[in-house]
Amino acid sequence: MLAWRGNAAKIGGMARKSSPKPPPPDPKETSLTGQVLIAMPAMGDPRFNQSVIFLCAHTNEGAMGIIVNSPLSSPSFSDLLKQLNVDPVPPARTIRLCRGGPVENARGFVLHTTDWTGDGSLRVDESLALTASLDILKAIATGGGPQQGILALGYAGWGPGQLDQEIQQNAWLSAPADLELIFDTKHDTKWRRALAKLKVDPLLLSDVAGHA
């Protein structure tokens with residue numbers, strides 16, 4: 001994992017070859033893996049206000065996801081490469097950084113398309129994977145790697161049954177994910193666009209029941 005030691009953050013190192021630890025999806029369960037969660041007013045947690053979260057895993061052991069509409073202006077991708085001694089700097093290409101969630105925000109995860117995967121990649125579905133290996137940063141820095149990706153610092157996590165309970169309490173809605181919603185830079189509109197997938201009017205959210 002990443003090891004950033006800037007003024008504002010300290011990221012615990014990106015492993016040479018390792019994978020994130022969320023449990024693999026169980027096809028026998030009703031799982032929201034691969035969908036997006038949309039924060040509702042009933043959430044009550046300001047850290048997730050109007051957040052859109054791509055859910056990387058959802059099983060009876062818990063859930064894990066990445067917030068995709070909370071960009072970070074610092075550190076820069078080049079700053080991280082310098083910290084990790086990854087060449088070249090400046091890189092041949094870059095990816096954007098985002099605040100992935102409040103859990104282990106000293107760790108880095110790359111959510112990306114599956115045209116590139118490594119030994120430590122967790123394949124979420126046919127289109128998307130999650131990688132916590134330094135190899136992906138080396139590939140991107142040299143001009144390769146996945147076509148699309150974001151580097152998330154931290155993640156959103158839930159214990160067994162916790163997410164299901166929050167959905168029942170109208171804290172979240174779920175909707176299908178798409179690459180444009182996850183990777184484009186129109187962060188100010190992602191929450192409304194995610195709601196539009198469900199044909200939900202934001203003005204009526206207090207009357208909307210959760211979708212499990």
# chains A, B, ... in the order shown; residues from 1 in each chain; ligands from 1
call {"tool": "residues_around", "arguments": {"residues": "Leu81 in chain A", "least_positions_apart": "6", "cutoff": "9 Å", "atoms": "only C-alpha atoms", "output": "VMD selection string"}}
result
chain A and resid 87 to 91 137 to 138 141
call {"tool": "residues_around", "arguments": {"residues": "Thr94 in chain A", "least_positions_apart": "6", "cutoff": "10 Å", "atoms": "only C-alpha atoms", "output": "ChimeraX atom specification"}}
result
/A:76-78,137,140-143,149-151
call {"tool": "select_by_dssp", "arguments": {"residues": "range 95-139 of chain A", "states": "strand (DSSP E or B)", "output": "number ranges by chain"}}
result
A: 96-99, 103-113, 121-123, 128-131, 133
call {"tool": "select_by_dssp", "arguments": {"residues": "range 33-189 of chain A", "states": "alpha helix (DSSP H)", "output": "ChimeraX atom specification"}}
result
/A:77-84,134-141,162-168,179-183,187-189
call {"tool": "write_last_selection", "arguments": {"atoms": "N, CA and C atoms", "output": "PDB file, in the first residue's frame"}}
result
ATOM      1  N   PHE A  77      -0.247  12.717  -7.848  1.00  0.00           N
ATOM      2  CA  PHE A  77       0.252  11.405  -8.241  1.00  0.00           C
ATOM      3  C   PHE A  77       1.778  11.405  -8.290  1.00  0.00           C
ATOM      4  N   SER A  78       2.359  12.489  -8.800  1.00  0.00           N
ATOM      5  CA  SER A  78       3.819  12.587  -8.859  1.00  0.00           C
ATOM      6  C   SER A  78       4.440  12.584  -7.465  1.00  0.00           C
ATOM      7  N   ASP A  79       3.778  13.267  -6.524  1.00  0.00           N
ATOM      8  CA  ASP A  79       4.285  13.279  -5.146  1.00  0.00           C
ATOM      9  C   ASP A  79       4.328  11.864  -4.567  1.00  0.00           C
ATOM     10  N   LEU A  80       3.293  11.091  -4.852  1.00  0.00           N
ATOM     11  CA  LEU A  80       3.260   9.719  -4.355  1.00  0.00           C
ATOM     12  C   LEU A  80       4.364   8.874  -4.984  1.00  0.00           C
ATOM     13  N   LEU A  81       4.572   9.061  -6.288  1.00  0.00           N
ATOM     14  CA  LEU A  81       5.621   8.287  -6.948  1.00  0.00           C
ATOM     15  C   LEU A  81       6.994   8.614  -6.359  1.00  0.00           C
ATOM     16  N   LYS A  82       7.229   9.882  -6.063  1.00  0.00           N
ATOM     17  CA  LYS A  82       8.497  10.264  -5.443  1.00  0.00           C
ATOM     18  C   LYS A  82       8.654   9.598  -4.086  1.00  0.00           C
ATOM     19  N   GLN A  83       7.577   9.607  -3.286  1.00  0.00           N
ATOM     20  CA  GLN A  83       7.621   9.013  -1.957  1.00  0.00           C
ATOM     21  C   GLN A  83       7.932   7.519  -2.028  1.00  0.00           C
ATOM     22  N   LEU A  84       7.404   6.863  -3.074  1.00  0.00           N
ATOM     23  CA  LEU A  84       7.550   5.412  -3.208  1.00  0.00           C
ATOM     24  C   LEU A  84       8.754   5.010  -4.046  1.00  0.00           C
ATOM     25  N   LEU A 134       1.877  -2.267  -5.655  1.00  0.00           N
ATOM     26  CA  LEU A 134       2.697  -1.205  -6.230  1.00  0.00           C
ATOM     27  C   LEU A 134       2.894  -1.399  -7.726  1.00  0.00           C
ATOM     28  N   ASP A 135       2.722  -2.616  -8.204  1.00  0.00           N
ATOM     29  CA  ASP A 135       2.928  -2.901  -9.622  1.00  0.00           C
ATOM     30  C   ASP A 135       2.049  -2.036 -10.520  1.00  0.00           C
ATOM     31  N   ILE A 136       0.828  -1.753 -10.090  1.00  0.00           N
ATOM     32  CA  ILE A 136      -0.067  -0.975 -10.933  1.00  0.00           C
ATOM     33  C   ILE A 136       0.417   0.469 -11.072  1.00  0.00           C
ATOM     34  N   LEU A 137       0.995   1.021 -10.011  1.00  0.00           N
ATOM     35  CA  LEU A 137       1.526   2.380 -10.096  1.00  0.00           C
ATOM     36  C   LEU A 137       2.738   2.421 -11.021  1.00  0.00           C
ATOM     37  N   LYS A 138       3.567   1.389 -10.979  1.00  0.00           N
ATOM     38  CA  LYS A 138       4.710   1.323 -11.882  1.00  0.00           C
ATOM     39  C   LYS A 138       4.245   1.252 -13.330  1.00  0.00           C
ATOM     40  N   ALA A 139       3.202   0.479 -13.582  1.00  0.00           N
ATOM     41  CA  ALA A 139       2.688   0.344 -14.942  1.00  0.00           C
ATOM     42  C   ALA A 139       2.138   1.674 -15.449  1.00  0.00           C
ATOM     43  N   ILE A 140       1.371   2.369 -14.591  1.00  0.00           N
ATOM     44  CA  ILE A 140       0.793   3.652 -14.993  1.00  0.00           C
ATOM     45  C   ILE A 140       1.896   4.687 -15.221  1.00  0.00           C
ATOM     46  N   ALA A 141       2.875   4.721 -14.349  1.00  0.00           N
ATOM     47  CA  ALA A 141       3.952   5.713 -14.451  1.00  0.00           C
ATOM     48  C   ALA A 141       4.732   5.576 -15.744  1.00  0.00           C
ATOM     49  N   GLN A 162     -24.132  -5.030   8.778  1.00  0.00           N
ATOM     50  CA  GLN A 162     -24.246  -3.601   9.065  1.00  0.00           C
ATOM     51  C   GLN A 162     -24.811  -2.822   7.882  1.00  0.00           C
ATOM     52  N   LEU A 163     -24.306  -3.089   6.687  1.00  0.00           N
ATOM     53  CA  LEU A 163     -24.794  -2.360   5.523  1.00  0.00           C
ATOM     54  C   LEU A 163     -26.261  -2.665   5.261  1.00  0.00           C
ATOM     55  N   ASP A 164     -26.633  -3.928   5.390  1.00  0.00           N
ATOM     56  CA  ASP A 164     -28.032  -4.304   5.175  1.00  0.00           C
ATOM     57  C   ASP A 164     -28.949  -3.562   6.140  1.00  0.00           C
ATOM     58  N   GLN A 165     -28.502  -3.426   7.381  1.00  0.00           N
ATOM     59  CA  GLN A 165     -29.287  -2.706   8.374  1.00  0.00           C
ATOM     60  C   GLN A 165     -29.403  -1.229   8.006  1.00  0.00           C
ATOM     61  N   GLU A 166     -28.319  -0.628   7.558  1.00  0.00           N
ATOM     62  CA  GLU A 166     -28.353   0.778   7.178  1.00  0.00           C
ATOM     63  C   GLU A 166     -29.270   1.011   5.978  1.00  0.00           C
ATOM     64  N   ILE A 167     -29.295   0.063   5.048  1.00  0.00           N
ATOM     65  CA  ILE A 167     -30.195   0.176   3.895  1.00  0.00           C
ATOM     66  C   ILE A 167     -31.646   0.114   4.366  1.00  0.00           C
ATOM     67  N   GLN A 168     -31.934  -0.784   5.288  1.00  0.00           N
ATOM     68  CA  GLN A 168     -33.291  -0.892   5.825  1.00  0.00           C
ATOM     69  C   GLN A 168     -33.707   0.370   6.564  1.00  0.00           C
ATOM     70  N   LEU A 179     -19.167   2.881 -15.979  1.00  0.00           N
ATOM     71  CA  LEU A 179     -17.815   3.427 -15.973  1.00  0.00           C
ATOM     72  C   LEU A 179     -17.794   4.947 -15.990  1.00  0.00           C
ATOM     73  N   GLU A 180     -18.730   5.562 -16.690  1.00  0.00           N
ATOM     74  CA  GLU A 180     -18.754   7.022 -16.739  1.00  0.00           C
ATOM     75  C   GLU A 180     -19.012   7.600 -15.354  1.00  0.00           C
ATOM     76  N   LEU A 181     -19.980   7.052 -14.642  1.00  0.00           N
ATOM     77  CA  LEU A 181     -20.297   7.542 -13.305  1.00  0.00           C
ATOM     78  C   LEU A 181     -19.106   7.382 -12.370  1.00  0.00           C
ATOM     79  N   ILE A 182     -18.380   6.300 -12.497  1.00  0.00           N
ATOM     80  CA  ILE A 182     -17.271   6.030 -11.585  1.00  0.00           C
ATOM     81  C   ILE A 182     -16.044   6.873 -11.904  1.00  0.00           C
ATOM     82  N   PHE A 183     -15.711   7.006 -13.189  1.00  0.00           N
ATOM     83  CA  PHE A 183     -14.417   7.573 -13.534  1.00  0.00           C
ATOM     84  C   PHE A 183     -14.431   9.004 -14.064  1.00  0.00           C
ATOM     85  N   HIS A 187     -17.704  15.512 -10.575  1.00  0.00           N
ATOM     86  CA  HIS A 187     -18.010  15.056  -9.216  1.00  0.00           C
ATOM     87  C   HIS A 187     -19.232  15.751  -8.626  1.00  0.00           C
ATOM     88  N   ASP A 188     -19.438  17.000  -8.979  1.00  0.00           N
ATOM     89  CA  ASP A 188     -20.553  17.759  -8.399  1.00  0.00           C
ATOM     90  C   ASP A 188     -21.913  17.215  -8.803  1.00  0.00           C
ATOM     91  N   THR A 189     -21.958  16.448  -9.899  1.00  0.00           N
ATOM     92  CA  THR A 189     -23.247  15.943 -10.378  1.00  0.00           C
ATOM     93  C   THR A 189     -23.416  14.437 -10.199  1.00  0.00           C
TER      94      THR A 189
END
call {"tool": "residues_around", "arguments": {"residues": "Thr131 in chain A", "least_positions_apart": "5", "cutoff": "6 Å", "atoms": "only C-alpha atoms", "output": "ChimeraX atom specification"}}
result
/A:109-110,121
call {"tool": "closest_residue", "arguments": {"among": "A:Gln147, A:Ser74, A:Thr33, A:Asp115", "to": "Asn60 in chain A", "atoms": "only C-alpha atoms"}}
result
A:Thr33
call {"tool": "atom_distance", "arguments": {"atom1": "CA of Ser31 in chain A", "atom2": "CA of Trp116 in chain A"}}
result
24.9 Å
call {"tool": "residues_around", "arguments": {"residues": "Gln50 in chain A", "least_positions_apart": "6", "cutoff": "9 Å", "atoms": "only C-alpha atoms", "output": "PyMOL selection string"}}
result
chain A and resi 38-41+69+190-192
call {"tool": "write_last_selection", "arguments": {"atoms": "N, CA and C atoms", "output": "mmCIF file, in the first residue's frame"}}
result
data_model
loop_
_atom_site.group_PDB
_atom_site.id
_atom_site.type_symbol
_atom_site.label_atom_id
_atom_site.label_comp_id
_atom_site.auth_asym_id
_atom_site.auth_seq_id
_atom_site.Cartn_x
_atom_site.Cartn_y
_atom_site.Cartn_z
ATOM 1 N N ILE A 38 -25.834 5.071 -2.826
ATOM 2 C CA ILE A 38 -26.108 6.501 -2.878
ATOM 3 C C ILE A 38 -26.572 6.931 -1.502
ATOM 4 N N ALA A 39 -25.832 7.846 -0.884
ATOM 5 C CA ALA A 39 -26.149 8.274 0.481
ATOM 6 C C ALA A 39 -27.441 9.080 0.510
ATOM 7 N N MET A 40 -28.292 8.765 1.491
ATOM 8 C CA MET A 40 -29.556 9.457 1.684
ATOM 9 C C MET A 40 -29.473 10.402 2.886
ATOM 10 N N PRO A 41 -30.397 11.350 3.002
ATOM 11 C CA PRO A 41 -30.395 12.247 4.166
ATOM 12 C C PRO A 41 -30.477 11.508 5.493
ATOM 13 N N ASN A 69 -16.829 10.105 -5.604
ATOM 14 C CA ASN A 69 -17.126 11.516 -5.893
ATOM 15 C C ASN A 69 -16.537 12.460 -4.844
ATOM 16 N N LYS A 190 -22.406 13.756 -9.686
ATOM 17 C CA LYS A 190 -22.478 12.293 -9.598
ATOM 18 C C LYS A 190 -23.613 11.823 -8.708
ATOM 19 N N TRP A 191 -23.827 12.482 -7.599
ATOM 20 C CA TRP A 191 -24.887 12.067 -6.680
ATOM 21 C C TRP A 191 -26.248 12.148 -7.358
ATOM 22 N N ARG A 192 -26.521 13.251 -8.039
ATOM 23 C CA ARG A 192 -27.807 13.414 -8.731
ATOM 24 C C ARG A 192 -27.925 12.448 -9.910
#
